[in-house]
Amino acid sequence: MGYHSDEEFSVAGDKPEVEFIDYQNDNTCQDYQSDDGPVVVTSPFPFENGKPKSVLVGETSADTICIENTSSEPVNLWSVRIFSSNPEDSYLLSMMTPPTNDADEEAKKAFLGLTSVEDRTLQPGQTLTIWLSCMPKEIGLHTSIVHVDIGDEKIERVAFLLADDNVSKALFSDKPYSRGRGTQGKKFECSTFVPGTRPVRQHTQGFKYKLPQYAIPVEVRELIECKQRPDVLSEELSMTNYAKFFSTLLVMEEINLEEEMRTYNMEGVSMRRRGNGFLSLEVLGLAEKRPSLVNGDYIVARHAGSNDRPYQGFIHKVEADEIFLKFDDSFHNAHHERNKYDVSFTYNRLNMRRQYKSVHEAELIGPDILFPSQSRYRSVKKVPFKPLNPDINTEQADAVGMILGCRGVPPYLIYGPPGTGKTMTLVEAILQLYSSNRRANVLICAASNSAADHILEKLLSASYLIRPSDIFRLNAPSRQYDDVNPDFIRFCFFEDTVFKCPPMRALMRYKIVISTYMYSSTLQAEGIRRGHFTHIFLDEASQISEPEAMVPMSAFCGRDTVVVLAGDPMQLGPVVFCKQADQDGLGTSYLQRLLCDFEQYHLEDPNYVTKLLRNYRCHPAILELPSQLFYGSELIACKGDEVPSVYDCIGLPNKSFPVLFVGIQGCDEREGNNPSWFNRIEASKVVNIIRTLTRDGEVREADIGVITPYRQQVVKIKRALETFEMPDLRVGSVEQFQGQEREIIIISTVRSTVKHNENDKIFNLGFLTNYRRFNVAITRAKSLLIIVGNPHIITKDRYWDKLLRYCADNGSYQGCPLPPPEEEFRYSGYSDTRDQPAAGWEYNQEPSDRGFRHGSTPSSTEKVLEWSDRPDEDYHSAPNAGAEPQEETLQQVEEEAGQDDVQPGQNSANDDGAVDAAYVQKYTFPPGWGDVSSIPATGWD
Ligand SMILES: Nc1ncnc2c1ncn2[C@@H]1O[C@H](COP(=O)(O)OP(=O)(O)OP(=O)(O)O)[C@@H](O)[C@H]1O
């Protein structure tokens, strides 16, 4: 289908450049060669496996455009011309075969590239062959629009080439993506099974406390599976319904996780006999933790298609994509290599059980933790102290003084925007307690292993004070020994490189214990009682759900325990997979509930709370935008505004503005059955920037961090960096960087394809549209922030667009042509209720105001009206205009979004970095073209 119009082409001088043409993998402009008219024009550079053809930078690629007159009359070919190319002038037309890369110089010189071919007659049946060639100088997508003006027809062809370099080429994947994952949720009916052989317990000591099962009550399960809302969720949260309320939310979450885990079930698979009496099973995706399985988990298997009683197989070892299992002996004896099995994975309930227990026991610790009343107003006597850290400012010192003066609950809160020294204040308070109060026993909890290590690191930087034997870093056995910084190993307890909880007598000797929230329950199992810890510090407390926060609190809070929470509700919140549970309260952190529901916190009574606003981390230019967008411009930049000259090597366009947007049109892809996205072109660009920065040795690799929202992009960038041996350079997700900082942060945004149709322009940016993730990502850099991404995609999200314009307005944009400023969207809603600044809460945008205020959640109806009210864009020049809209079902989209970078049981299984849930949107979009609005319409309508 070509485009036919009665209008004339625009005059040459008016023609716009191709700014951006998008495509989708499986349907392209490639089928436009069968035109209705008498002239047939072929499309150059057909897609390969649904993707643009890959070419190497510096090499010439050429393909033909054949113009055939199929009529019985001669037709006049008025012109064939390159209407526009991106990058500019990257394509040429010619009447002869362009010289190949190894052709001699003379042939190359003799080659005459044109931008247009004019005036000739095509006889009936005659075919004219014209060559379109491109020699990319840069990596990224190269596009060209070719116009053929023949007889009465005007026909358009669009060419795509993706220019790779050696780094991106090495990341190329020829494994096509398929959504197929296991048996897609097929329920494996088995109420009982033949028990398997458990691995030997990793704990040498018998736990004094046995964690109850907390089986899901049948009636609650039925209710939730029938999509009915349990009554308790409509009640106001109180001391009497606290355990029931949160248990119900946990059940909803657990059922969701079970379903998710079932989608990995497999049918008709084989197992292999391995040494030491194991059977091994290949589980594709295991390396990416899809599913997340660790030693001690189990699967259930039976002969394929049978209804036999199934067998339980415990996982004794996990290696790459294989698990090593032990079933009952009878299963092993009956096994033949040719046997086929149906396999069901089970969700690891351990962390859920810890949380059920925590909410049940929370009722025992009384209302001062759960519902700190205003009637029992407290007046804390600030304790004077001599700061150990000479840098701490007045507000931080006040907070420490108050913490030292606290006697028992309610909790004390330190909250404030990124980089305002919350962790530093906690560290000062801990060190003051340690050095001045020999009775003090401190427990510090963090949301992930990396966050817990970060606190250990900060404490150790004052190591002249702390005796190493007084401090202990508790690790779960599932944590890999090699994952721990060798400097920290002496603070851990392990046997044969397996981490353990030390025996009670050793535990009692430590003055400072650092753990993740979840694994702190092991201390209780080991015998530590309530009241042992005089102080409990909960860092990044806004990142965890209330039941998670209750794990250490309900286990260890005695009457006199001082509890201190630090966090920022505008940064990443709790990980919740079930949308309903998320909305009903599981997505609200305990810290947020205190700030929201209790006046003494809400009004920032200094007896309960300190708010920090001085930012010491970021260059003022890095800070300005997040301060404006999320903190009512209240943030005070305390870092100097010098930009080190060592950054000149990357050619900062504005030398005093260290926020650089590097625009690149790459290709977002997925491979195998892994739903996470990657973009090899961006990966290569990131590596290139890193190599330029570190070339002279003035910038250390440890000073650089790479943040990208997609797990697979993390893998690809790490792989690309392996070649250049940069082990100290951290590449991770936003979640893994929360609480952390680097001199230089490079963000790779990955997404490069937008899907939408005429009526529904809701964007498919997935993880990028979470404002909290955005806020965390852009506030990690101290001196230089570089964003590598496709500006045409990024601009579709309100916040990323602001960042893009912020860079452009300050002359700090490099790369492909910028999209025109988007029509100012009136955002009455966001991509979902969690996706707006603090659902139910928001920082007040009035600088004079206090900061927080209650807000209301715009309804989704408002959002739809808003979008459908937008004037229709000009679609008729789209090559697939008129194509049948393809509707993706909610389920498909949920599957896609839900799997993006979140794995059920990930935290439960490996106690590792928390990840935020994907928030699901419903999209309707056509196959074929993406951003149809960006195809130049001039001349064709
Ligand atoms: N009073 C201060 N003077 C100088 N530097 C400070 C001060 N307070 C904090 N910093 C520095 O600011 C940076 C951020 O501090 P910190 O990590 O404690 O902030 P945070 O509020 O916990 O950040 P986030 O919200 O991102 O977790 C660190 O480099 C820290 O050393």
# chains A, B, ... in the order shown; residues from 1 in each chain; ligands from 1

$ residues_near_ligand --ligand "ligand 1" --cutoff "10 Å" --atoms "only C-alpha atoms and all ligand atoms" --output "PyMOL selection string"
chain A and resi 389-397+414-428+451+454-455+458+539-540+566-571+612-618+638-639+737-743+775-777+779-782

$ select_by_dssp --residues "range 104-305 of chain A" --states "strand (DSSP E or B)" --output "PyMOL selection string"
chain A and resi 114+116-122+127-134+140-150+153-164+194+266-269+272-274+278-282+298-303

$ closest_residue --among "A:Gln583, A:Ser783, A:Asn437, A:Asn333" --to "Lys511 in chain A" --atoms "only C-alpha atoms"
A:Asn437

$ residues_around --residues "Trp800 in chain A" --least-positions-apart "6" --cutoff "12 Å" --atoms "only C-alpha atoms" --output "mmCIF file with C-alpha atoms, in the first residue's frame"
data_model
loop_
_atom_site.group_PDB
_atom_site.id
_atom_site.type_symbol
_atom_site.label_atom_id
_atom_site.label_comp_id
_atom_site.auth_asym_id
_atom_site.auth_seq_id
_atom_site.Cartn_x
_atom_site.Cartn_y
_atom_site.Cartn_z
ATOM 1 C CA LEU A 625 14.466 19.380 38.705
ATOM 2 C CA PRO A 626 13.601 16.763 41.365
ATOM 3 C CA LEU A 629 8.879 18.273 40.645
ATOM 4 C CA PHE A 661 20.964 13.937 27.667
ATOM 5 C CA ILE A 747 21.063 6.067 33.024
ATOM 6 C CA THR A 749 16.317 4.182 29.563
ATOM 7 C CA LEU A 765 6.930 2.908 28.844
ATOM 8 C CA PHE A 767 8.829 0.886 34.403
ATOM 9 C CA LEU A 768 9.800 4.295 33.167
ATOM 10 C CA THR A 769 6.423 5.751 34.043
ATOM 11 C CA ASN A 770 6.820 5.260 37.770
ATOM 12 C CA TYR A 771 7.591 8.705 39.138
ATOM 13 C CA ARG A 772 9.237 7.275 42.240
ATOM 14 C CA ARG A 773 11.625 5.246 40.136
ATOM 15 C CA PHE A 774 12.376 8.367 38.107
ATOM 16 C CA ASN A 775 13.033 10.365 41.266
ATOM 17 C CA ALA A 777 17.254 7.318 39.383
ATOM 18 C CA ILE A 778 18.008 10.990 38.828
ATOM 19 C CA ILE A 787 20.922 10.017 30.388
ATOM 20 C CA VAL A 788 21.159 7.798 27.322
ATOM 21 C CA GLY A 789 17.786 7.263 25.715
ATOM 22 C CA ASN A 790 15.444 7.773 22.834
ATOM 23 C CA PRO A 791 14.081 11.302 23.254
ATOM 24 C CA HIS A 792 11.040 10.522 21.120
ATOM 25 C CA ILE A 793 9.949 7.846 23.565
ATOM 26 C CA ILE A 794 11.072 9.533 26.743
ATOM 27 C CA TYR A 806 15.538 20.785 31.121
ATOM 28 C CA CYS A 807 18.703 19.519 29.414
ATOM 29 C CA GLU A 822 4.867 17.824 23.153
#

$ residues_around --residues "Ile528 in chain A" --least-positions-apart "4" --cutoff "8 Å" --atoms "only C-alpha atoms" --output "list in words"
Met504, Met508, Leu523, Gln524, His532 and Phe556 of chain A

$ write_last_selection --atoms "C-alpha atoms" --output "PDB file, in the first residue's frame"
ATOM      1  CA  MET A 504      22.852 -17.221  70.867  1.00  0.00           C
ATOM      2  CA  MET A 508      24.329 -11.604  72.780  1.00  0.00           C
ATOM      3  CA  LEU A 523      17.566 -13.657  65.516  1.00  0.00           C
ATOM      4  CA  GLN A 524      14.290 -14.303  67.261  1.00  0.00           C
ATOM      5  CA  HIS A 532      17.302  -7.202  74.103  1.00  0.00           C
ATOM      6  CA  PHE A 556      12.176  -7.251  69.434  1.00  0.00           C
TER       7      PHE A 556
END

$ residues_around --residues "range 402-404 of chain A" --least-positions-apart "4" --cutoff "12 Å" --atoms "only C-alpha atoms" --output "ChimeraX atom specification"
/A:378-385,395-398,408-414,425-437,440,534-537,561-566,605-610

$ select_by_dssp --residues "range 273-469 of chain A" --states "helix (DSSP H, G or I)" --output "PyMOL selection string"
chain A and resi 275-277+286-288+329-334+350-365+367-370+394-405+422-436+449-460+468-469

$ closest_atom_pairs --of "range 68-159 of chain A" --to "range 664-684 of chain A" --cutoff "8 Å" --atoms "only C-alpha atoms" --output "CSV"
residue,atom,partner,partner_atom,distance
A:Ile139,CA,A:Ile681,CA,6.7
A:Gly140,CA,A:Gly666,CA,4.9
A:Leu141,CA,A:Gln665,CA,5.4

$ write_last_selection --atoms "C-alpha atoms" --output "PDB file, in the first residue's frame"
ATOM      1  CA  ILE A 139      25.436   3.594  15.898  1.00  0.00           C
ATOM      2  CA  GLY A 140      21.661   3.653  16.067  1.00  0.00           C
ATOM      3  CA  LEU A 141      18.668   3.581  13.816  1.00  0.00           C
TER       4      LEU A 141
END

$ residues_around --residues "Ile544 in chain A" --least-positions-apart "2" --cutoff "6 Å" --atoms "only C-alpha atoms" --output "short mmCIF file (atom, residue, chain, number, x, y, z; two decimals) with N, CA and C atoms, in the first residue's frame"
data_model
loop_
_atom_site.label_atom_id
_atom_site.label_comp_id
_atom_site.auth_asym_id
_atom_site.auth_seq_id
_atom_site.Cartn_x
_atom_site.Cartn_y
_atom_site.Cartn_z
N ALA A 541 12.82 3.12 55.36
CA ALA A 541 11.57 2.53 55.88
C ALA A 541 10.38 2.79 54.97
N SER A 542 10.52 3.72 54.02
CA SER A 542 9.39 3.95 53.11
C SER A 542 9.37 2.92 51.99
N PRO A 574 6.95 0.09 48.76
CA PRO A 574 6.99 -1.36 48.96
C PRO A 574 6.76 -2.13 47.66
N SER A 589 3.72 2.26 53.14
CA SER A 589 4.70 1.86 54.17
C SER A 589 4.21 2.32 55.55
#

$ residues_around --residues "Phe327 in chain A" --least-positions-apart "6" --cutoff "8 Å" --atoms "only C-alpha atoms" --output "mmCIF file with N, CA and C atoms, in the first residue's frame"
data_model
loop_
_atom_site.group_PDB
_atom_site.id
_atom_site.type_symbol
_atom_site.label_atom_id
_atom_site.label_comp_id
_atom_site.auth_asym_id
_atom_site.auth_seq_id
_atom_site.Cartn_x
_atom_site.Cartn_y
_atom_site.Cartn_z
ATOM 1 N N PRO A 195 6.599 -37.251 49.958
ATOM 2 C CA PRO A 195 7.624 -36.280 50.357
ATOM 3 C C PRO A 195 8.998 -36.615 49.783
ATOM 4 N N GLY A 196 9.753 -35.571 49.478
ATOM 5 C CA GLY A 196 11.100 -35.751 48.958
ATOM 6 C C GLY A 196 12.128 -35.678 50.067
ATOM 7 N N THR A 197 13.399 -35.668 49.666
ATOM 8 C CA THR A 197 14.481 -35.643 50.658
ATOM 9 C C THR A 197 15.010 -34.213 50.773
ATOM 10 N N TYR A 311 5.177 -36.467 43.257
ATOM 11 C CA TYR A 311 6.322 -36.564 44.162
ATOM 12 C C TYR A 311 6.900 -35.181 44.406
ATOM 13 N N GLN A 312 7.300 -34.987 45.628
ATOM 14 C CA GLN A 312 7.950 -33.725 45.971
ATOM 15 C C GLN A 312 9.457 -33.879 45.740
ATOM 16 N N GLY A 313 10.052 -32.907 45.101
ATOM 17 C CA GLY A 313 11.506 -32.961 44.876
ATOM 18 C C GLY A 313 12.153 -31.713 45.452
ATOM 19 N N PHE A 314 13.022 -31.884 46.434
ATOM 20 C CA PHE A 314 13.687 -30.712 47.027
ATOM 21 C C PHE A 314 14.887 -30.294 46.193
#

$ decode --residues "range 485-534 of chain A" --atoms "N, CA and C atoms" --output "compact mmCIF listing (two decimals), in the first residue's frame"
# COMPACT_ATOMS: atom_id res chain seq x y z
N ASN A 485 31.34 -7.99 49.77
CA ASN A 485 32.61 -7.29 49.69
C ASN A 485 33.61 -7.96 50.65
N PRO A 486 34.78 -8.36 50.16
CA PRO A 486 35.73 -9.06 51.03
C PRO A 486 36.05 -8.29 52.32
N ASP A 487 35.96 -6.95 52.29
CA ASP A 487 36.23 -6.18 53.51
C ASP A 487 35.18 -6.42 54.59
N PHE A 488 34.03 -6.91 54.18
CA PHE A 488 32.94 -7.08 55.14
C PHE A 488 32.84 -8.50 55.70
N ILE A 489 33.56 -9.41 55.06
CA ILE A 489 33.40 -10.82 55.42
C ILE A 489 33.70 -11.07 56.90
N ARG A 490 34.66 -10.33 57.44
CA ARG A 490 35.01 -10.60 58.85
C ARG A 490 33.89 -10.20 59.81
N PHE A 491 32.89 -9.49 59.31
CA PHE A 491 31.76 -9.14 60.18
C PHE A 491 30.58 -10.10 59.98
N CYS A 492 30.81 -11.14 59.19
CA CYS A 492 29.73 -12.10 58.90
C CYS A 492 30.07 -13.44 59.56
N PHE A 493 29.08 -14.27 59.67
CA PHE A 493 29.30 -15.60 60.23
C PHE A 493 28.95 -16.62 59.15
N PHE A 494 29.86 -17.56 58.91
CA PHE A 494 29.61 -18.53 57.84
C PHE A 494 30.41 -19.81 58.09
N GLU A 495 30.00 -20.84 57.44
CA GLU A 495 30.74 -22.11 57.48
C GLU A 495 30.78 -22.65 56.08
N ASP A 496 31.94 -23.02 55.60
CA ASP A 496 32.09 -23.52 54.23
C ASP A 496 31.43 -22.56 53.24
N THR A 497 31.70 -21.32 53.39
CA THR A 497 31.16 -20.24 52.55
C THR A 497 29.63 -20.18 52.53
N VAL A 498 29.00 -20.81 53.51
CA VAL A 498 27.53 -20.65 53.62
C VAL A 498 27.27 -19.79 54.85
N PHE A 499 26.52 -18.69 54.64
CA PHE A 499 26.26 -17.78 55.76
C PHE A 499 25.29 -18.41 56.75
N LYS A 500 25.50 -18.05 58.01
CA LYS A 500 24.66 -18.62 59.07
C LYS A 500 24.40 -17.58 60.13
N CYS A 501 23.45 -17.92 60.96
CA CYS A 501 23.22 -17.10 62.15
C CYS A 501 24.07 -17.72 63.27
N PRO A 502 24.87 -16.93 63.95
CA PRO A 502 25.71 -17.53 64.99
C PRO A 502 24.87 -17.96 66.19
N PRO A 503 25.46 -18.75 67.06
CA PRO A 503 24.69 -19.19 68.22
C PRO A 503 24.38 -18.02 69.15
N MET A 504 23.39 -18.25 69.98
CA MET A 504 22.85 -17.22 70.87
C MET A 504 23.94 -16.50 71.68
N ARG A 505 24.88 -17.28 72.27
CA ARG A 505 25.85 -16.63 73.14
C ARG A 505 26.67 -15.61 72.36
N ALA A 506 26.98 -15.93 71.11
CA ALA A 506 27.74 -14.98 70.29
C ALA A 506 26.87 -13.77 69.97
N LEU A 507 25.64 -14.07 69.64
CA LEU A 507 24.72 -12.96 69.28
C LEU A 507 24.60 -11.96 70.42
N MET A 508 24.54 -12.48 71.63
CA MET A 508 24.33 -11.60 72.78
C MET A 508 25.51 -10.65 72.99
N ARG A 509 26.65 -11.01 72.43
CA ARG A 509 27.83 -10.17 72.65
C ARG A 509 27.92 -8.97 71.70
N TYR A 510 27.24 -9.10 70.56
CA TYR A 510 27.34 -8.00 69.59
C TYR A 510 26.60 -6.76 70.09
N LYS A 511 27.21 -5.61 69.89
CA LYS A 511 26.54 -4.36 70.27
C LYS A 511 25.73 -3.80 69.10
N ILE A 512 26.18 -4.12 67.90
CA ILE A 512 25.48 -3.61 66.71
C ILE A 512 25.25 -4.77 65.74
N VAL A 513 24.00 -5.01 65.40
CA VAL A 513 23.68 -6.08 64.44
C VAL A 513 22.99 -5.44 63.23
N ILE A 514 23.46 -5.80 62.04
CA ILE A 514 22.87 -5.24 60.81
C ILE A 514 22.27 -6.38 60.00
N SER A 515 21.01 -6.20 59.58
CA SER A 515 20.32 -7.28 58.87
C SER A 515 19.34 -6.68 57.87
N THR A 516 18.85 -7.53 56.98
CA THR A 516 17.69 -7.10 56.20
C THR A 516 16.47 -7.26 57.11
N TYR A 517 15.38 -6.59 56.74
CA TYR A 517 14.17 -6.66 57.56
C TYR A 517 13.75 -8.11 57.76
N MET A 518 13.65 -8.82 56.63
CA MET A 518 13.09 -10.17 56.68
C MET A 518 13.95 -11.11 57.49
N TYR A 519 15.24 -11.04 57.25
CA TYR A 519 16.08 -12.06 57.86
C TYR A 519 16.31 -11.79 59.34
N SER A 520 15.94 -10.59 59.80
CA SER A 520 16.11 -10.31 61.23
C SER A 520 15.30 -11.27 62.09
N SER A 521 14.25 -11.87 61.51
CA SER A 521 13.43 -12.80 62.28
C SER A 521 14.24 -14.01 62.75
N THR A 522 15.34 -14.29 62.06
CA THR A 522 16.19 -15.42 62.45
C THR A 522 16.76 -15.21 63.85
N LEU A 523 17.00 -13.95 64.20
CA LEU A 523 17.57 -13.66 65.52
C LEU A 523 16.59 -14.09 66.60
N GLN A 524 15.31 -13.89 66.30
CA GLN A 524 14.29 -14.30 67.26
C GLN A 524 14.24 -15.82 67.33
N ALA A 525 14.31 -16.44 66.16
CA ALA A 525 14.30 -17.90 66.13
C ALA A 525 15.48 -18.46 66.91
N GLU A 526 16.55 -17.71 66.92
CA GLU A 526 17.76 -18.17 67.62
C GLU A 526 17.64 -17.97 69.13
N GLY A 527 16.68 -17.14 69.52
CA GLY A 527 16.44 -17.00 70.96
C GLY A 527 16.51 -15.59 71.50
N ILE A 528 16.83 -14.61 70.64
CA ILE A 528 16.86 -13.22 71.11
C ILE A 528 15.43 -12.77 71.44
N ARG A 529 15.29 -12.15 72.58
CA ARG A 529 13.95 -11.80 73.06
C ARG A 529 13.66 -10.31 72.92
N ARG A 530 12.39 -10.00 73.06
CA ARG A 530 11.98 -8.59 73.07
C ARG A 530 12.71 -7.85 74.18
N GLY A 531 13.16 -6.67 73.86
CA GLY A 531 13.83 -5.86 74.88
C GLY A 531 15.34 -6.01 74.83
N HIS A 532 15.84 -7.07 74.16
CA HIS A 532 17.30 -7.20 74.10
C HIS A 532 17.91 -5.99 73.39
N PHE A 533 17.31 -5.63 72.27
CA PHE A 533 17.83 -4.46 71.55
C PHE A 533 17.24 -3.20 72.19
N THR A 534 18.11 -2.33 72.62
CA THR A 534 17.61 -1.08 73.23
C THR A 534 17.15 -0.12 72.14
